[in-house]
Amino acid sequence: MDLSTDACTSSPNNFTIRFVISFSLWLTEEEIRIKMALNGTSYTTTKPPPNPSPLRNAKFFQANMRILVTGGAGFIGSHLVDRLMQNEKNEVIVVDNYFTGSKDNLRQWFGHPRFELIRHDVTQPLLVEVDQIYHLACPASPIFYKYNAVKTIKTNVIGTLNMLGLAKRVGARILLTSTSEVYGDPLVHPQDESYWGNVNPIGVRSCYDEGKRVAETLMFDYHRQHGIEIRIARIFNTYGPRMNIDDGRVVSNFIAQAIRNEPLTVQSPGTQTRSFCYVSDMVDGLIRLMEGSNTGPINIGNPGEFTMIELAETVKELINPKVEIRRVDNTPDDPRQRKPVITKANELLGWEPKIKLRDGLPLMENDFRQRLGIAKNT
Ligand SMILES: NC(=O)c1ccc[n+]([C@@H]2O[C@H](COP(=O)([O-])OP(=O)(O)OC[C@H]3O[C@@H](n4cnc5c(N)ncnc54)[C@H](O)[C@@H]3O)[C@@H](O)[C@H]2O)c1
Ligand SMILES: O=C(O)[C@H]1O[C@H](OP(=O)(O)OP(=O)(O)OC[C@H]2O[C@@H](n3ccc(=O)[nH]c3=O)[C@H](O)[C@@H]2O)[C@H](O)[C@@H](O)[C@@H]1O
């Protein structure tokens, strides 16, 4: 046993702790943790989950895995639910406050014995018995997350704290959908997970960027301090069917504009870049991350990088060659470039995106045409 825990000697508390560490042959987990902290080493072991609550068996249907999806009525969340529901050993509980999501996205599962939908705001505590938590709840479109900035940061901080508290109580594994926006307006290009970012802490986007950064911090603090099993995905711009038509994000804007024969609004300068991932690839990456053994953070995104002018030209070519491309003002703090390094996702999860932008855009066009009631060639 290493007795050289001399980091602090003055405080009586530390003296007592050292005494206990030195003279106890059977160290409790808490004692080992304190000893490691005094040594300056980090504590990353994972506690076994607590005994399942009797409530875990309260329903007549016994799934192998009970999975909570927060924000499950939203764009990515509803596609994730579809995929999880395909496995008949899964039971899925969705909680959502419908701020940017819609019950319509989950209509196909209403009445299914393995599915439950709860109207709930994650800034309030939640008591359910689950084995896994996919924590997505948070508005994602800049227009919507800026609309009530204080609520956005509460959702990111208090919401994540509540879900971590739930994970701790029931011993569930929790996955956070973080964002490439933790890299801010990156000074390193492309971005890998070791980059700490360049984020404005007091800007109009900070409720989201800094909110997600604190959410990541909370995840790692619960992991180190309480042994919670965590997974963090850093998602890069994702697109696909079910995005809100007037969502404000660039792909949904351009597709809706092209279908309605309205000018495509390229925000200045138009040379800013993004890398767009199709939603089915994203869901595949999230499930692999949850099921794998790595905590992350792991970038999940498609490294194909496009300027906004290139995106507008592609949408024009594929959807409406007659449409005008119009330059409009940008919003503050818009990141100038963004492209993920996905080596970690590839090596640790065996994941890479399959759908190219040119193949994904028409799939989204079909969904938008159906919802807008505008057929092709009219
Ligand atoms: N789509 C992307 O490009 C992208 C990129 C990076 C990160 N993400 C993250 O992925 C997650 C899902 O994004 P999305 O594109 O599906 O967005 P979305 O807006 O479609 O979905 C978010 C869902 O969360 C719900 N929600 C918001 N605040 C809530 C609260 N306080 N309590 C309960 N529910 C709440 C909304 O009603 C909605 O259903 C978000 O956490 C987002 O930050 C998305
Ligand atoms: O993937 C991410 O990490 C983040 O990506 C997006 O944030 P952002 O990239 O700013 O998304 P958009 O609003 O779609 O803007 C992308 C670019 O398109 C431009 N844009 C947007 C809308 C438009 O009509 N025209 C246009 O040129 C913007 O100026 C910006 O440069 C998401 O909305 C965030 O939730 C997410 O976390």
# chains A, B, ... in the order shown; residues from 1 in each chain; ligands from 1
call {"tool": "residues_around", "arguments": {"residues": "A:Val250", "least_positions_apart": "5", "cutoff": "10 Å", "atoms": "only C-alpha atoms", "output": "list in words"}}
result
Ser141, Asn237, Tyr239, Ile255, Ala256, Leu264, Thr265, Val266, Gln267, Arg274, Met308, Leu311 and Ala312 of chain A
call {"tool": "residues_around", "arguments": {"residues": "A:Ser178", "least_positions_apart": "3", "cutoff": "6 Å", "atoms": "only C-alpha atoms", "output": "number ranges by chain"}}
result
A: 212, 233-234
call {"tool": "closest_atom_pairs", "arguments": {"of": "chain A", "to": "ligand 1", "cutoff": "8 Å", "atoms": "only C-alpha atoms and all ligand atoms", "output": "Markdown table"}}
result
| residue | atom | partner | partner_atom_place_in_ligand_line | distance |
| --- | --- | --- | --- | --- |
| A:Thr70 | CA | ligand 1 | 34 (N) | 6.1 |
| A:Gly71 | CA | ligand 1 | 24 (O) | 3.4 |
| A:Gly72 | CA | ligand 1 | 39 (O) | 5.7 |
| A:Ala73 | CA | ligand 1 | 39 (O) | 4.2 |
| A:Gly74 | CA | ligand 1 | 39 (O) | 3.2 |
| A:Phe75 | CA | ligand 1 | 16 (O) | 3.7 |
| A:Ile76 | CA | ligand 1 | 16 (O) | 3.7 |
| A:Gly77 | CA | ligand 1 | 16 (O) | 5.4 |
| A:Ser78 | CA | ligand 1 | 16 (O) | 7.6 |
| A:Val95 | CA | ligand 1 | 33 (C) | 6.2 |
| A:Asp96 | CA | ligand 1 | 34 (N) | 3.7 |
| A:Asn97 | CA | ligand 1 | 34 (N) | 4.2 |
| A:Tyr98 | CA | ligand 1 | 37 (O) | 3.6 |
| A:Phe99 | CA | ligand 1 | 37 (O) | 3.8 |
| A:Thr100 | CA | ligand 1 | 37 (O) | 4.0 |
| A:Gly101 | CA | ligand 1 | 39 (O) | 3.1 |
| A:Ser102 | CA | ligand 1 | 39 (O) | 6.3 |
| A:Arg119 | CA | ligand 1 | 33 (C) | 7.7 |
| A:His120 | CA | ligand 1 | 33 (C) | 5.7 |
| A:Asp121 | CA | ligand 1 | 32 (N) | 3.5 |
| A:Val122 | CA | ligand 1 | 32 (N) | 4.1 |
| A:Thr123 | CA | ligand 1 | 31 (N) | 5.5 |
| A:His135 | CA | ligand 1 | 41 (O) | 7.1 |
| A:Leu136 | CA | ligand 1 | 41 (O) | 3.9 |
| A:Ala137 | CA | ligand 1 | 24 (O) | 3.5 |
| A:Cys138 | CA | ligand 1 | 27 (C) | 3.8 |
| A:Pro139 | CA | ligand 1 | 19 (O) | 4.0 |
| A:Ala140 | CA | ligand 1 | 17 (O) | 4.4 |
| A:Ser141 | CA | ligand 1 | 19 (O) | 6.3 |
| A:Phe144 | CA | ligand 1 | 19 (O) | 7.8 |
| A:Lys151 | CA | ligand 1 | 31 (N) | 7.3 |
| A:Thr152 | CA | ligand 1 | 28 (N) | 7.1 |
| A:Lys154 | CA | ligand 1 | 31 (N) | 7.6 |
| A:Thr155 | CA | ligand 1 | 31 (N) | 4.7 |
| A:Gly159 | CA | ligand 1 | 31 (N) | 6.6 |
| A:Leu176 | CA | ligand 1 | 41 (O) | 7.5 |
| A:Thr177 | CA | ligand 1 | 41 (O) | 5.0 |
| A:Ser178 | CA | ligand 1 | 7 (C) | 5.3 |
| A:Thr179 | CA | ligand 1 | 6 (C) | 4.0 |
| A:Ser180 | CA | ligand 1 | 6 (C) | 6.1 |
| A:Glu181 | CA | ligand 1 | 6 (C) | 7.2 |
| A:Tyr208 | CA | ligand 1 | 43 (O) | 7.7 |
| A:Lys212 | CA | ligand 1 | 43 (O) | 7.6 |
| A:Arg234 | CA | ligand 1 | 6 (C) | 6.6 |
| A:Ile235 | CA | ligand 1 | 6 (C) | 4.2 |
| A:Phe236 | CA | ligand 1 | 5 (C) | 4.9 |
| A:Asn237 | CA | ligand 1 | 3 (O) | 3.5 |
| A:Thr238 | CA | ligand 1 | 3 (O) | 3.7 |
| A:Tyr239 | CA | ligand 1 | 1 (N) | 6.4 |
| A:Met243 | CA | ligand 1 | 20 (O) | 6.4 |
| A:Asn244 | CA | ligand 1 | 20 (O) | 7.2 |
| A:Phe276 | CA | ligand 1 | 3 (O) | 8.0 |
| A:Cys277 | CA | ligand 1 | 3 (O) | 8.0 |
call {"tool": "write_last_selection", "arguments": {"atoms": "C-alpha atoms", "output": "compact mmCIF listing (two decimals), in the first residue's frame"}}
result
# COMPACT_ATOMS: atom_id res chain seq x y z
CA THR A 70 -35.44 12.91 -23.98
CA GLY A 71 -36.33 15.17 -26.89
CA GLY A 72 -37.67 12.08 -28.67
CA ALA A 73 -40.43 14.03 -30.46
CA GLY A 74 -37.81 16.11 -32.28
CA PHE A 75 -35.99 15.56 -35.55
CA ILE A 76 -33.08 13.27 -34.58
CA GLY A 77 -34.91 11.91 -31.52
CA SER A 78 -37.88 10.56 -33.50
CA VAL A 95 -40.20 12.67 -22.74
CA ASP A 96 -40.61 15.96 -24.57
CA ASN A 97 -42.08 19.41 -23.95
CA TYR A 98 -42.92 19.86 -27.69
CA PHE A 99 -41.08 23.20 -27.93
CA THR A 100 -39.56 22.28 -31.30
CA GLY A 101 -40.74 18.66 -31.51
CA SER A 102 -44.11 17.26 -32.45
CA ARG A 119 -45.16 15.49 -21.83
CA HIS A 120 -42.39 16.64 -19.54
CA ASP A 121 -39.84 19.42 -19.32
CA VAL A 122 -36.35 18.14 -18.44
CA THR A 123 -35.68 21.22 -16.33
CA HIS A 135 -30.48 12.76 -23.60
CA LEU A 136 -31.34 14.89 -26.64
CA ALA A 137 -33.80 17.41 -25.20
CA CYS A 138 -32.69 20.90 -26.30
CA PRO A 139 -33.77 23.16 -29.15
CA ALA A 140 -31.14 22.84 -31.91
CA SER A 141 -31.98 25.44 -34.54
CA PHE A 144 -35.23 28.56 -31.66
CA LYS A 151 -34.59 28.59 -21.08
CA THR A 152 -32.01 27.08 -23.47
CA LYS A 154 -31.53 25.96 -18.20
CA THR A 155 -32.39 23.04 -20.46
CA GLY A 159 -31.94 19.41 -17.70
CA LEU A 176 -25.54 13.26 -24.23
CA THR A 177 -26.00 14.72 -27.70
CA SER A 178 -23.42 17.48 -27.55
CA THR A 179 -22.46 19.49 -30.58
CA SER A 180 -19.67 20.65 -32.83
CA GLU A 181 -20.60 24.09 -31.50
CA TYR A 208 -26.35 26.80 -26.57
CA LYS A 212 -23.49 22.16 -24.06
CA ARG A 234 -20.37 15.70 -30.61
CA ILE A 235 -22.85 15.93 -33.44
CA PHE A 236 -22.08 17.92 -36.60
CA ASN A 237 -24.88 19.46 -38.74
CA THR A 238 -27.45 16.77 -39.39
CA TYR A 239 -30.29 16.90 -41.91
CA MET A 243 -36.89 18.66 -39.87
CA ASN A 244 -39.32 21.49 -39.16
CA PHE A 276 -23.72 17.69 -43.41
CA CYS A 277 -24.63 14.25 -42.05
call {"tool": "atom_distance", "arguments": {"atom1": "atom CA of A:Lys316", "atom2": "atom CA of A:Ala258"}}
result
6.8 Å
call {"tool": "select_by_dssp", "arguments": {"residues": "stretch 91-168 of chain A", "states": "helix (DSSP H, G or I)", "output": "PyMOL selection string"}}
result
chain A and resi 103-109+142-147+149-168
call {"tool": "residues_around", "arguments": {"residues": "A:Ser268", "least_positions_apart": "2", "cutoff": "10 Å", "atoms": "only C-alpha atoms", "output": "ChimeraX atom specification"}}
result
/A:265-266,270-272,308-309,326-331,334
call {"tool": "select_by_dssp", "arguments": {"residues": "stretch 315-347 of chain A", "states": "strand (DSSP E or B)", "output": "ChimeraX atom specification"}}
result
/A:325-328,340
call {"tool": "write_last_selection", "arguments": {"atoms": "C-alpha atoms", "output": "compact mmCIF listing (two decimals), in the first residue's frame"}}
result
# COMPACT_ATOMS: atom_id res chain seq x y z
CA ILE A 325 -29.85 32.53 -54.98
CA ARG A 326 -29.94 35.70 -52.86
CA ARG A 327 -27.26 37.03 -50.47
CA VAL A 328 -28.67 38.18 -47.08
CA PRO A 340 -15.16 16.79 -38.21
call {"tool": "closest_residue", "arguments": {"among": "A:Asn377, A:Asn366, A:Asn198, A:Gln257", "to": "ligand 2", "atoms": "only C-alpha atoms and all ligand atoms"}}
result
A:Gln257
call {"tool": "closest_residue", "arguments": {"among": "A:Val315, A:Val94, A:Ile158, A:Val69", "to": "A:Val251", "atoms": "only C-alpha atoms"}}
result
A:Val315
call {"tool": "closest_residue", "arguments": {"among": "A:Gly285, A:Gly211, A:Pro125, A:Pro362", "to": "A:Ile300", "atoms": "only C-alpha atoms"}}
result
A:Gly285
call {"tool": "residues_around", "arguments": {"residues": "A:Leu161", "least_positions_apart": "4", "cutoff": "8 Å", "atoms": "only C-alpha atoms", "output": "list in words"}}
result
Val157, Gly165, Ala215 and Leu218 of chain A
call {"tool": "closest_residue", "arguments": {"among": "A:Pro113, A:Gly301, A:Pro190, A:Gly292", "to": "ligand 2", "atoms": "only C-alpha atoms and all ligand atoms"}}
result
A:Gly301
call {"tool": "closest_residue", "arguments": {"among": "A:Gly111, A:Pro241, A:Pro142, A:Pro321", "to": "ligand 2", "atoms": "only C-alpha atoms and all ligand atoms"}}
result
A:Pro142
call {"tool": "decode", "arguments": {"residues": "stretch 350-365 of chain A", "atoms": "all heavy atoms", "output": "JSON list (two decimals), in the first residue's frame"}}
result
[["chain", "number", "residue", "atom", "x", "y", "z"],
["A", 350, "GLY", "N", -16.34, 1.66, -35.25],
["A", 350, "GLY", "CA", -16.49, 1.05, -36.57],
["A", 350, "GLY", "C", -17.51, 1.80, -37.40],
["A", 350, "GLY", "O", -18.21, 1.23, -38.23],
["A", 351, "TRP", "N", -17.61, 3.14, -37.16],
["A", 351, "TRP", "CA", -18.65, 3.94, -37.82],
["A", 351, "TRP", "C", -18.08, 4.86, -38.88],
["A", 351, "TRP", "O", -17.02, 5.46, -38.69],
["A", 351, "TRP", "CB", -19.38, 4.80, -36.78],
["A", 351, "TRP", "CG", -20.45, 5.67, -37.37],
["A", 351, "TRP", "CD1", -21.74, 5.31, -37.63],
["A", 351, "TRP", "CD2", -20.33, 7.04, -37.78],
["A", 351, "TRP", "NE1", -22.43, 6.37, -38.17],
["A", 351, "TRP", "CE2", -21.60, 7.44, -38.29],
["A", 351, "TRP", "CE3", -19.28, 7.96, -37.80],
["A", 351, "TRP", "CZ2", -21.83, 8.72, -38.79],
["A", 351, "TRP", "CZ3", -19.52, 9.25, -38.30],
["A", 351, "TRP", "CH2", -20.80, 9.61, -38.78],
["A", 352, "GLU", "N", -18.79, 4.96, -40.00],
["A", 352, "GLU", "CA", -18.54, 6.06, -40.95],
["A", 352, "GLU", "C", -19.84, 6.34, -41.68],
["A", 352, "GLU", "O", -20.68, 5.44, -41.84],
["A", 352, "GLU", "CB", -17.41, 5.72, -41.93],
["A", 352, "GLU", "CG", -17.69, 4.55, -42.81],
["A", 352, "GLU", "CD", -16.51, 4.25, -43.72],
["A", 352, "GLU", "OE1", -15.48, 4.93, -43.64],
["A", 352, "GLU", "OE2", -16.65, 3.32, -44.53],
["A", 353, "PRO", "N", -20.06, 7.59, -42.11],
["A", 353, "PRO", "CA", -21.31, 7.90, -42.78],
["A", 353, "PRO", "C", -21.38, 7.25, -44.16],
["A", 353, "PRO", "O", -20.35, 7.06, -44.81],
["A", 353, "PRO", "CB", -21.27, 9.43, -42.90],
["A", 353, "PRO", "CG", -19.83, 9.79, -42.80],
["A", 353, "PRO", "CD", -19.17, 8.76, -41.97],
["A", 354, "LYS", "N", -22.61, 6.90, -44.58],
["A", 354, "LYS", "CA", -22.78, 6.21, -45.87],
["A", 354, "LYS", "C", -23.46, 7.09, -46.91],
["A", 354, "LYS", "O", -23.28, 6.89, -48.10],
["A", 354, "LYS", "CB", -23.62, 4.95, -45.66],
["A", 354, "LYS", "CG", -22.94, 3.92, -44.77],
["A", 354, "LYS", "CD", -23.71, 2.61, -44.74],
["A", 354, "LYS", "CE", -22.94, 1.51, -44.04],
["A", 354, "LYS", "NZ", -22.62, 1.83, -42.64],
["A", 355, "ILE", "N", -24.29, 8.03, -46.46],
["A", 355, "ILE", "CA", -25.13, 8.80, -47.40],
["A", 355, "ILE", "C", -24.45, 10.12, -47.76],
["A", 355, "ILE", "O", -24.21, 10.97, -46.89],
["A", 355, "ILE", "CB", -26.51, 9.10, -46.77],
["A", 355, "ILE", "CG1", -27.10, 7.85, -46.13],
["A", 355, "ILE", "CG2", -27.44, 9.75, -47.79],
["A", 355, "ILE", "CD1", -27.96, 7.01, -46.97],
["A", 356, "LYS", "N", -24.18, 10.30, -49.06],
["A", 356, "LYS", "CA", -23.59, 11.56, -49.53],
["A", 356, "LYS", "C", -24.67, 12.63, -49.60],
["A", 356, "LYS", "O", -25.86, 12.32, -49.78],
["A", 356, "LYS", "CB", -23.02, 11.37, -50.93],
["A", 356, "LYS", "CG", -21.83, 10.44, -50.98],
["A", 356, "LYS", "CD", -21.14, 10.63, -52.35],
["A", 356, "LYS", "CE", -20.15, 9.53, -52.62],
["A", 356, "LYS", "NZ", -20.73, 8.35, -53.26],
["A", 357, "LEU", "N", -24.25, 13.91, -49.52],
["A", 357, "LEU", "CA", -25.20, 15.02, -49.55],
["A", 357, "LEU", "C", -26.12, 14.94, -50.77],
["A", 357, "LEU", "O", -27.35, 15.11, -50.66],
["A", 357, "LEU", "CB", -24.43, 16.35, -49.54],
["A", 357, "LEU", "CG", -25.29, 17.61, -49.45],
["A", 357, "LEU", "CD1", -26.04, 17.68, -48.12],
["A", 357, "LEU", "CD2", -24.44, 18.87, -49.65],
["A", 358, "ARG", "N", -25.57, 14.64, -51.93],
["A", 358, "ARG", "CA", -26.38, 14.60, -53.16],
["A", 358, "ARG", "C", -27.42, 13.49, -53.14],
["A", 358, "ARG", "O", -28.41, 13.54, -53.87],
["A", 358, "ARG", "CB", -25.47, 14.41, -54.40],
["A", 358, "ARG", "CG", -24.53, 15.54, -54.65],
["A", 358, "ARG", "CD", -23.74, 15.31, -55.93],
["A", 358, "ARG", "NE", -24.55, 15.58, -57.11],
["A", 358, "ARG", "CZ", -24.70, 16.79, -57.64],
["A", 358, "ARG", "NH1", -24.11, 17.83, -57.10],
["A", 358, "ARG", "NH2", -25.44, 16.97, -58.69],
["A", 359, "ASP", "N", -27.19, 12.46, -52.32],
["A", 359, "ASP", "CA", -28.18, 11.38, -52.20],
["A", 359, "ASP", "C", -29.19, 11.67, -51.09],
["A", 359, "ASP", "O", -30.34, 11.25, -51.16],
["A", 359, "ASP", "CB", -27.48, 10.04, -51.90],
["A", 359, "ASP", "CG", -26.53, 9.66, -53.02],
["A", 359, "ASP", "OD1", -26.82, 10.02, -54.18],
["A", 359, "ASP", "OD2", -25.50, 9.03, -52.73],
["A", 360, "GLY", "N", -28.74, 12.40, -50.07],
["A", 360, "GLY", "CA", -29.63, 12.69, -48.93],
["A", 360, "GLY", "C", -30.64, 13.79, -49.23],
["A", 360, "GLY", "O", -31.79, 13.73, -48.78],
["A", 361, "LEU", "N", -30.21, 14.81, -50.02],
["A", 361, "LEU", "CA", -31.11, 15.95, -50.29],
["A", 361, "LEU", "C", -32.42, 15.52, -50.96],
["A", 361, "LEU", "O", -33.50, 15.97, -50.53],
["A", 361, "LEU", "CB", -30.38, 17.01, -51.12],
["A", 361, "LEU", "CG", -29.26, 17.78, -50.38],
["A", 361, "LEU", "CD1", -28.52, 18.71, -51.35],
["A", 361, "LEU", "CD2", -29.81, 18.58, -49.20],
["A", 362, "PRO", "N", -32.39, 14.64, -51.98],
["A", 362, "PRO", "CA", -33.65, 14.23, -52.59],
["A", 362, "PRO", "C", -34.58, 13.47, -51.63],
["A", 362, "PRO", "O", -35.81, 13.57, -51.73],
["A", 362, "PRO", "CB", -33.22, 13.31, -53.75],
["A", 362, "PRO", "CG", -31.82, 13.72, -54.05],
["A", 362, "PRO", "CD", -31.23, 14.13, -52.73],
["A", 363, "LEU", "N", -34.00, 12.73, -50.68],
["A", 363, "LEU", "CA", -34.85, 12.02, -49.71],
["A", 363, "LEU", "C", -35.60, 13.03, -48.84],
["A", 363, "LEU", "O", -36.78, 12.85, -48.49],
["A", 363, "LEU", "CB", -34.00, 11.10, -48.80],
["A", 363, "LEU", "CG", -33.18, 10.03, -49.53],
["A", 363, "LEU", "CD1", -32.25, 9.31, -48.55],
["A", 363, "LEU", "CD2", -34.12, 9.03, -50.21],
["A", 364, "MET", "N", -34.91, 14.11, -48.51],
["A", 364, "MET", "CA", -35.53, 15.16, -47.70],
["A", 364, "MET", "C", -36.55, 15.94, -48.53],
["A", 364, "MET", "O", -37.62, 16.32, -48.03],
["A", 364, "MET", "CB", -34.42, 16.08, -47.19],
["A", 364, "MET", "CG", -34.86, 16.97, -46.10],
["A", 364, "MET", "SD", -33.42, 17.69, -45.33],
["A", 364, "MET", "CE", -34.17, 19.12, -44.61],
["A", 365, "GLU", "N", -36.24, 16.14, -49.80],
["A", 365, "GLU", "CA", -37.16, 16.85, -50.69],
["A", 365, "GLU", "C", -38.51, 16.13, -50.73],
["A", 365, "GLU", "O", -39.57, 16.76, -50.64],
["A", 365, "GLU", "CB", -36.56, 16.93, -52.11],
["A", 365, "GLU", "CG", -37.48, 17.62, -53.10],
["A", 365, "GLU", "CD", -37.05, 17.43, -54.56],
["A", 365, "GLU", "OE1", -35.99, 16.84, -54.80],
["A", 365, "GLU", "OE2", -37.81, 17.89, -55.43]]
